[in-house]
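Q: Before we start, here is the structure in question, set down as structure tokens.
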Amino acid sequence: MRHQTPRHSRPMPWQGIGLGCDYNFEQWPESVWHEDMTLMRAAGVDLVAVNIFGWSAIEPQPGRYDFTALDKIIDLLHANGIRVNLGTGTASPPPWLTHRHPEVLPVTADGTTRYPGGRQAFCPSSPVFREHALTLVEQVARRYGDHPALAMWHVSNELGCHNALCYDDASAEAFRAWLARRYGDLDSLNRAWGTAFWSQRYADWAEIDPPRLTLSTRNPAQLVDFQRFSSDALLECYLAEADILRGHSSVPITTNFMVTAHIRNLDYWKWAPAMDVIANDHYLDHRLADPTAELSFAADLTRGLAAGQPWMLMEQATGAVNWQPYNLPKAPGQMLRNSLTHVARGADALCFFQWRASAQGAEKFHSAMVPHAGTETAGWRQVLELSSALDRLAEVSGSTVEAETAILFDWESWWATDTEARPSQGVRYLDQVHAVHRALRELGVTTDVVAPSADLSRYRAVVVPCLHMVRDADAAALAEHVRAGGHAVVTFYSGIVDEHDRIRLGGYPGAFRDLLGITVEEFVPLPPGGDTVLDSGARATVWTELLHTTSAETIDRYADGPLAGVPAVTRNHHGSGQAWYVATALDPADLRDVLRRAVREAGVSAAGPESDGTVEVVHRRGGEHRYTFVINHGAKDIAHPITGHELLTGEHTGTVLQVPAGTVRVVRQEQTR
């Protein structure tokens with residue numbers, strides 16, 4: 001089984017919508033700590049993460065521990081009524097460990113060793129690293145496991161952010177053991193990897209290495225399995241630490257996921273069941289065309305990892321970060337809008353990296369709740385504004401987001417799609433997922449993002465963008481969902497390979513042919529800058545297909561080029577439901593048109609009006625109330641028809657809610673159904 005029963009069913013260990021931060025107290029003299037306690041109380045901080053990168057401070061030499069400063073800060077936080085999110089301290093090894101044991105250092109695919117001086121300078125499969133890390137965790141857990149300030153445990157930090165893929169000899173040995181457990185014997189592995197190709201057949205486990213760089217294209221099935229192994233290796237690190245913590249403490253345990261556009265190496269569908277609380281780190285990425293749309297997608301995916309239950313934002317920035325090519329500050333009001341977008345989409349806690357902006361180090365230009373310029377600043381006033389807003393929204397905590405539509409998303413399919421040898425390097429998995437999510441968001445449709453193996457029975461419409469790799473059982477479940485009356489929209493390059501990256505023969509889209517009532521004879525990718533037009537006037541880029549219908553009806557055709565007259569958008573009745581297929585990468589407005597028609601025919605209710613993405617309307621429901629978040633990212637005031645009590649201003653809306661430009665309104669309504 002890929003997915004276990006999730007642990008994250010317990011309520012959050014705080015009341016209302018929590019406000020928290022990372023506190024790197026070791027960067028500041030003790031006199032500043034007391035000033036910070038006063039400021040934290042003023043800001044309404046509920047939860048503070050400490051000891052995230054504390055290893056070298058609490059174990060300055062092997063086996064010699066000094067908890068003096070950590071004792072003081074935890075006691076000080078407790079005395080000020082602030083709960084502690086306690087790090088295990090294992091996020092980066094101390095210099096003495098890598099100096100004495102250079103074999104723990106990570107190795108890249110070209111065989112290059114990466115050295116200390118940054119962070120995460122360790123190989124996840126290194127037995128030496130794991131031994132020392134678990135010894136430290138035992139010491140931390142024994143000392144603080146019953147401390148009254150302890151609200152939750154924070155295992156390591158952003159596991160795999162830099163070192164997810166390691167190609168050293170320890171990884172090679174662990175990879176072989178993982179493969180032996182997965183396949184049982186070499187014949188099974190050889191079949192799964194297709195090693196008859198290019199004389200790659202293995203006769204001994206010792207012959208198998210990680211997929212280090214080669215002179216030619218590497219085996220794609222091996223690449224996918226190495227991604228799976230690497231995700232599992234880091235999960236083993238987490239589980240080993242969590243097991244020790246549970247021996248000394250009963251408080252929730254988690255680590256911070258990185259559900260974001262530029263991190264793809266961990267299969268969080270496998271990680272989520274091991275978490276007591278689902279937590280995510282998210283920063284606006286100004287390298288993207290639409291950072292706000294990506295924020296909404298990441299929040300929806302994080303909610304999917306939490307099985308629809310509330311989750312926490314472990315890190316975000318008050319303003320600029322330090323690691324993008326151009327680190328832009330947030331405009332006035334943007335931090336509040338971004339934060340409440342996370343809340344609208346299921347977050348019951350908002351935490352920041354970090355409390356006080358660092359004066360030194362690689363992150364000294366990263367924004368913080370207390371900026372370099374101090375508290376007589378717009379940044380600090382915005383922190384106080386957010387704190388006040390969260391106090392007013394306390395009753396929203398515990399409620400869940402309403403969604404009638406789901407997007408199927410899979411890290412394994414991401415790995416298999418964005419690989420070396422494929423029909424078009426212009427097809428990027430996340431681009432296609434973002435495109436359908438953005439289109440639905442602009443249609444006012446709230447969307448869950450779920451695993452291909454998820455229970456689909458609650459959804460009227462399921463969208464399947466570019467799901468290249470799919471298991472038989474998951475494809476069958478989608479077909480059964482449609483047969484029973486559900487609706488589906490599948491986009492190009494889906495259903496092509498099984499979990500071993502083996503082509504499903506007989507015509508594309510393989511796993512979904514019967515469901516969609518089509519067969520694709522050949523892919524016809526478009527070159528960079530190339531486009532095509534459809535009979536409807538819709539335009540498309542990147543990808544086309546030589547498609548034939550079997551039982552489907554043609555909704556739109558290519559109007560020009562070598563595929564003129566060939567179906568490009570189809571719809572098939574399957575049982576009591578129907579399944580659409582989009583065989584090309586439609587321009588945003590044209591994709592929105594197709595999805596509008598599909599979700600309307602499915603009976604999906606939009607949460608809000610259509611927009612260009614500047615207006616978001618999301619409903620959370622709990623107890624006797626529905627909470628409607630109206631977020632105006634635009635430069636113009638809007639009016640939204642709704643009646644109820646607006647929580648942020650305390651006013652009754654009448655029949656129309658006025659939402660000024662750049663603001664958020666949250667309306668409580670009595671339960672209507």
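So you can find residues: chains in the structure tokens are A, B, ... in the order shown, residues in each start at 1, and ligands are numbered from 1 in order.
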Check the DSSP output for the backbone and give back, as a PyMOL selection string, the residues of segment 178-378 of chain A in helix (DSSP H, G or I).
A: chain A and resi 178-183+186-193+197-199+205-207+220-246+268-274+291-305+334-344+378
Q: So which residues of segment 311-543 of chain A fall under strand (DSSP E) by DSSP, listed as number ranges by chain?
A: A: 311-315, 347-352, 400-401, 405-408, 447-450, 461-464, 487-491, 518-525, 531-533, 539-541, 543
Q: Show which residues sit within 8 Å of Leu136 of chain A, as a PDB file with C-alpha atoms, in the first residue's frame. Count only C-alpha atoms, and ignore same-chain residues fewer than 4 positions away.
A:
```pdb
ATOM      1  CA  TRP A  55      23.310  21.059  17.170  1.00  0.00           C
ATOM      2  CA  GLU A  59      26.761  19.495  21.506  1.00  0.00           C
ATOM      3  CA  THR A  88      15.497  18.201  17.415  1.00  0.00           C
ATOM      4  CA  GLY A  89      18.536  20.156  16.227  1.00  0.00           C
ATOM      5  CA  THR A  90      19.576  17.703  13.512  1.00  0.00           C
ATOM      6  CA  HIS A 132      25.116  10.817  15.821  1.00  0.00           C
ATOM      7  CA  VAL A 140      16.959  16.488  23.654  1.00  0.00           C
TER       8      VAL A 140
END
```
Q: Using only C-alpha atoms, what does the table of segment 378-407 of chain A residues within 7 Å of segment 435-450 of chain A look like, with each row giving the shortest atom pair and its distance in Å to one decimal, sorted by chain and ascending number, as a tab-separated table?
A:
```
residue	atom	partner	partner_atom	distance
A:Ala403	CA	A:Thr446	CA	5.3
A:Glu404	CA	A:Thr447	CA	6.9
A:Thr405	CA	A:Thr447	CA	5.0
A:Ala406	CA	A:Asp448	CA	4.6
A:Ile407	CA	A:Val449	CA	4.8
```
Q: I want to know what sits within 12 Å of Cys21 of chain A, based on only C-alpha atoms, with residues of the same chain fewer than 2 positions away left out; could you give that as a PyMOL selection string?
A: chain A and resi 18-19+23-25+40+43-50+52+82-86+281+312-318+349-357+368-370+383
Q: Let me see the file: selected residues, C-alpha atoms, as a short mmCIF file (atom, residue, chain, number, x, y, z; two decimals), in the first residue's frame.
A:
```cif
data_model
loop_
_atom_site.label_atom_id
_atom_site.label_comp_id
_atom_site.auth_asym_id
_atom_site.auth_seq_id
_atom_site.Cartn_x
_atom_site.Cartn_y
_atom_site.Cartn_z
CA GLY A 18 -2.16 30.31 15.89
CA LEU A 19 0.56 32.88 15.22
CA TYR A 23 13.39 32.28 17.03
CA ASN A 24 17.15 32.03 16.54
CA PHE A 25 17.86 33.30 20.03
CA MET A 40 6.14 38.71 21.29
CA ALA A 43 2.30 40.72 18.78
CA GLY A 44 0.18 37.91 20.18
CA VAL A 45 2.72 35.20 19.34
CA ASP A 46 1.42 31.78 20.44
CA LEU A 47 4.15 29.41 19.27
CA VAL A 48 7.91 29.78 18.91
CA ALA A 49 10.25 27.31 17.18
CA VAL A 50 13.67 26.99 18.77
CA ILE A 52 16.11 24.21 14.68
CA ILE A 82 4.33 31.21 24.85
CA ARG A 83 4.31 27.59 23.68
CA VAL A 84 7.39 25.96 22.18
CA ASN A 85 7.82 24.15 18.87
CA LEU A 86 11.04 22.35 19.78
CA ASP A 281 6.77 26.21 4.38
CA MET A 312 -0.30 24.83 9.68
CA LEU A 313 1.94 27.17 7.74
CA MET A 314 5.27 26.60 9.48
CA GLU A 315 7.19 29.28 7.57
CA GLN A 316 6.43 32.27 5.39
CA ALA A 317 8.03 35.69 4.99
CA THR A 318 6.76 39.04 6.16
CA ALA A 349 -1.74 28.47 12.18
CA LEU A 350 0.56 31.00 10.51
CA CYS A 351 4.23 31.07 11.40
CA PHE A 352 7.08 33.13 10.05
CA PHE A 353 10.74 32.73 9.40
CA GLN A 354 11.77 34.47 11.43
CA TRP A 355 11.13 36.55 14.57
CA ARG A 356 14.06 38.95 14.44
CA ALA A 357 16.00 39.63 11.23
CA ALA A 368 11.37 39.02 9.70
CA MET A 369 8.60 40.02 12.08
CA VAL A 370 11.04 42.41 13.74
CA VAL A 383 2.54 42.10 11.95
#
```
Q: Show me, as a PyMOL selection string, the residues that have an atom within 12 Å of Arg201 of chain A when counting only C-alpha atoms, minus same-chain residues fewer than 3 positions from it.
A: chain A and resi 186-198+204-205+207-208+219
Q: How close does each residue of segment 265-363 of chain A get to segment 411-430 of chain A, giving the shortest atom pair and distance in Å to one decimal for every residue with an atom at most 9 Å away, counting only C-alpha atoms, sorted by chain and residue number, as a tab-separated table?
A:
```
residue	atom	partner	partner_atom	distance
A:Asn265	CA	A:Trp411	CA	7.9
A:Leu266	CA	A:Trp411	CA	7.4
A:Asp267	CA	A:Trp411	CA	5.5
A:Tyr268	CA	A:Trp411	CA	7.8
A:Trp269	CA	A:Trp411	CA	8.1
```
Q: For the selection just defined, write its residues with N, CA and C atoms to a file, as a compact mmCIF listing (two decimals), in the first residue's frame.
A:
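Dumped to part-v5.txt:
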```
# COMPACT_ATOMS: atom_id res chain seq x y z
N ASN A 265 11.48 16.73 -4.79
CA ASN A 265 12.15 15.45 -4.58
C ASN A 265 11.53 14.54 -3.53
N LEU A 266 10.51 15.00 -2.80
CA LEU A 266 9.92 14.16 -1.76
C LEU A 266 8.46 13.88 -2.10
N ASP A 267 8.08 12.61 -2.00
CA ASP A 267 6.71 12.19 -2.26
C ASP A 267 5.91 12.35 -0.98
N TYR A 268 5.33 13.53 -0.80
CA TYR A 268 4.66 13.83 0.46
C TYR A 268 3.38 13.03 0.66
N TRP A 269 2.84 12.40 -0.39
CA TRP A 269 1.71 11.48 -0.16
C TRP A 269 2.15 10.33 0.74
```
Q: What gap, in Å, lies between atom CA of Asp593 of chain A and atom CA of Ser453 of chain A?
A: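 Going from atom CA of Asp593 of chain A over to atom CA of Ser453 of chain A, I get 27.9 Å.
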Q: Within 12 Å of Arg100 of chain A, counting only C-alpha atoms, which residues show up once you throw out same-chain ones fewer than 2 positions away? Write them as a list in words, please.
A: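 With the cut-off at 12 Å, the set is Gln61, Pro62, Pro93, Pro94, Pro95, Trp96, Leu97, Thr98, Pro102, Glu103, Val104, Leu105, Val128, Phe129 and His132 of chain A.
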Q: So how many Å separate atom CA of Arg287 of chain A and atom CA of Pro124 of chain A, to one decimal?
A: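 Separation between atom CA of Arg287 of chain A and atom CA of Pro124 of chain A: 29.2 Å.
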Q: Near Gln324 of chain A, within 12 Å and counting only C-alpha atoms, which residues show up once chain neighbours fewer than 6 positions away are dropped, as a list in words?
A: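 My reading of the contact set: His262, Tyr283, Leu284, Asp285, His286, Arg287, Leu288, Glu363, Phe365 and His366 of chain A.
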Q: Rounded to one decimal in Å, what is the spacing between atom CA of Thr341 of chain A and atom CA of Thr628 of chain A?
A: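 Computing it gives 11.6 Å between the two atoms.
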